[in-house]
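Shown next, in structure tokens, is the structure this report addresses.
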2 protein chains.
Amino acid sequence: MLADVAERAGVSLATVSRVMTGRIPVSARTRARVEAAVAELSYRPNAAAQALVNGTSTVVSIITKNTLRWGYAATLQGIEEAARAAGYAVMIAVVESAGSVDLTRAVDSVATRAIAGAVVIDFDEDSAAVLAALHGSVPVVACSGMVKQGQRHPHAYLDDVEGGFKATRHLLSLGHEVVHYIAIPSGAEAGGRERGWRRALEEARVPVPEVVQADYDPLSGFEAARRLPPGVTAVLCGNDEVAIGVVRALNDRGIAVPGGVSVVGFDDQPFAALWSPALTTVRQDFRDLGHRTFAMLEQWIDTGVRPNDSVGTASMIVRESTAPPPARG
Amino acid sequence: MLADVAERAGVSLATVSRVMTGRIPVSARTRARVEAAVAELSYRPNAAAQALVNGTSTVVSIITKNTLRWGYAATLQGIEEAARAAGYAVMIAVVESAGSVDLTRAVDSVATRAIAGAVVIDFDEDSAAVLAALHGSVPVVACSGMVKQGQRHPHAYLDDVEGGFKATRHLLSLGHEVVHYIAIPSGAEAGGRERGWRRALEEARVPVPEVVQADYDPLSGFEAARRLPPGVTAVLCGNDEVAIGVVRALNDRGIAVPGGVSVVGFDDQPFAALWSPALTTVRQDFRDLGHRTFAMLEQWIDTGVRPNDSVGTASMIVRESTAPPPARG
DNA sequence: CTGAAAGCGCTTACAG
DNA sequence: CTGAAAGCGCTTACAG
């Protein structure tokens, strides 16, 4: 194709290449001729050939377990935005399980593709497994909900521990004597939330009840709420969707929120503010997490120096679903 | 790199290439030697070189305006799943606006990258603009919420018109005399919903009230609800999130749902079933839409013959947010 | 069954 | 400022 342009413009391949890359001086006349030819032929360089000769590419790969759930999708959006702004195209590789097939695929996606770097959304154990299997041909940066020491790859973090801690403190300060936790599936992210909850209870020298396990969705929250022991007055949920199910289950049993039980969510999804009752929750800025993660990757690609970790903060959003515990009967 | 393997195994480049591609007979002994060398060197073929020589690639590109909102994200997930199952890697190109920069980028992403084909999530005008600008170097399939005639590219459809129609019929059959519509931003998808609503009203020879415009999010639904005229008894919303905001706005004015006003959502997002009241809504299977879209693309890539359009169906999910209108005061 | 050689579409020293 | 040539890492006729 380059050859077509060269012929049309009456110059050599090299010259066309020079005006396309724009790095080396070309006379104005020649440049104009070439540009005209490019336009007439609506020529587009072949990315594969460029990648081959340059040894580098302008694509980055995002490795993730999921693309639909709020935390993942919002983080993905943040990464994509930042990558696009920096002129990179993005590939996405989904690792559905830690099975060797999926893992190999994901690892290959960074090893065999001509990519400039990769980011892994390290929110769960499957992504963590991929991360562990990634050996450094290109820069790889990860993001996660909980600060972990001794990671092989640089990380951008959200502070889920702080989030869980603040939420639990909030409930305690309202006068609740016990705060229950309904967990989303474990992995780094959930782990941090639970850990913050536990720490707040321990610091307050208050009993730490058994964790009730849910999945990510509202229905699992609904079912988990049934497994809550009697006498509960406050519950922190692993995410807002679970909280929705919990509130509904409570209401169905004739228990008002927050009159009978206080409920706190996690994430501050868009619907949280408009729920009835509006959900008290912990806001995590996943999009910013994505921005930070990509910024680290870009810096690494550009300068060759491994970036430092980055940490975000969680903020408490108090709305209508929490209140002091009901007076003892 | 191939050369390293060849040297290590004591064979020619061609032989290594043959065992890698597996298409041409190689003696068992040679194959074993090569495979051993591949393993020892943990050799991975360079995708750029392969793409260059093969002229084809195993990546498909997804072009979309958004990756976070429910309809887009669920469709994206469906496409990705199907692509992965078929052995394709996926790139994603986000077109944030119809501005020429964004448009050019998106078009280039299919023109310059070595891709096997592309799918565009044609839910809005910006994606439609990209679609219109795509001229056929590789197969391109689109998906959309409303059947449109005379499309240049094959489409997989959701039947939003049917969905809007069914929802409106449901409200009418409950005894409502007027059904209002709160629209999400227009573009193909929203357009179909509105069209179905309008058709149901016209068929019933009932007045068609003015459309109230919202955005995609709950807050915009909340605000839109304030612009509803007095005396409303039934409202169909462009999506579930808007419905959430509408319910809340109504409640804040002391109007019960469904006691005072019936509200219907659209999409059946996971939270809809656990809402209070549980949301009556129209289920659209976006994930299946993604599967169908990719299947069409794959067929086109494999057989070279342009696929036929595919149409899905919308189903009505009746829950708690709809009821007969209140008795006249 | 296996090897030597050409070629995929570019970029970039190296000469002029 | 511009061109001829080599080379990026593979695959695939073409000979043997």
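Residues in the structure tokens are named by chain (A, B, ... in the order shown) and by number from 1 within that chain; ligands are numbered from 1 in the order shown.
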
Checklist entry - Quick one: DSSP helix (DSSP H, G or I) residues in range 130-189 of chain A, as a PyMOL selection string? => result chain A and resi 130-133+160-173+188-189

Write the selection just made, keeping C-alpha atoms, as a PDB file, in the first residue's frame?
```
ATOM      1  CA  VAL A 130      -2.787 -14.220  35.897  1.00  0.00           C
ATOM      2  CA  LEU A 131      -0.764 -11.435  37.431  1.00  0.00           C
ATOM      3  CA  ALA A 132       1.454 -13.942  39.151  1.00  0.00           C
ATOM      4  CA  ALA A 133       2.041 -15.759  35.878  1.00  0.00           C
ATOM      5  CA  ASP A 160     -11.319  -0.703  50.912  1.00  0.00           C
ATOM      6  CA  VAL A 161      -9.967  -1.252  54.386  1.00  0.00           C
ATOM      7  CA  GLU A 162     -10.478   2.383  55.210  1.00  0.00           C
ATOM      8  CA  GLY A 163     -13.934   2.213  53.646  1.00  0.00           C
ATOM      9  CA  GLY A 164     -14.990  -0.751  55.736  1.00  0.00           C
ATOM     10  CA  PHE A 165     -13.521   0.896  58.787  1.00  0.00           C
ATOM     11  CA  LYS A 166     -15.316   4.207  58.289  1.00  0.00           C
ATOM     12  CA  ALA A 167     -18.637   2.549  57.602  1.00  0.00           C
ATOM     13  CA  THR A 168     -18.380   0.445  60.721  1.00  0.00           C
ATOM     14  CA  ARG A 169     -17.304   3.432  62.818  1.00  0.00           C
ATOM     15  CA  HIS A 170     -20.316   5.311  61.528  1.00  0.00           C
ATOM     16  CA  LEU A 171     -22.665   2.561  62.662  1.00  0.00           C
ATOM     17  CA  LEU A 172     -20.919   2.239  66.006  1.00  0.00           C
ATOM     18  CA  SER A 173     -21.069   5.959  66.605  1.00  0.00           C
ATOM     19  CA  ALA A 188      -8.524  -8.769  47.331  1.00  0.00           C
ATOM     20  CA  GLU A 189     -11.389  -6.351  47.095  1.00  0.00           C
TER      21      GLU A 189
END
```

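Those residues of chain A that fall within 8 Å of chain C when using only C-alpha atoms (C1' of nucleotides) read A:Met1, A:Leu2, A:Ala14, A:Ser17, A:Asn46, A:Ala49, A:Gln50, A:Val53, A:Asn54.
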
Using only C-alpha atoms, select each residue of chain A with any atom at most 9 Å away from an atom of chain B, and give the selection as number ranges by chain. A: 44-52, 61, 66-70, 73-74, 76-77, 80-81, 84, 89-94, 108-109, 111-114, 217-219, 222, 241, 244-249, 251, 270-271, 273-276

- Item | Residues near Arg306 in chain A, cut-off 9 Å, only C-alpha atoms (C1' of nucleotides), skip fewer than 4 positions along chain, as a list in words | Pro139, His153, Pro154, Met296, Leu297, Gln299, Trp300 and Ile301 of chain A

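Between CA of Met316 in chain A and CA of Asp268 in chain A there is a distance of 9.4 Å.
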
ask   = range 56-297 of chain B: which residues are strand (DSSP E or B) by DSSP, as an MDAnalysis selection string?
value = chainID B and resid 59:64 89:94 117:121 140:144 155:157 180:183 212:213 234:237 262:264 267 280:283
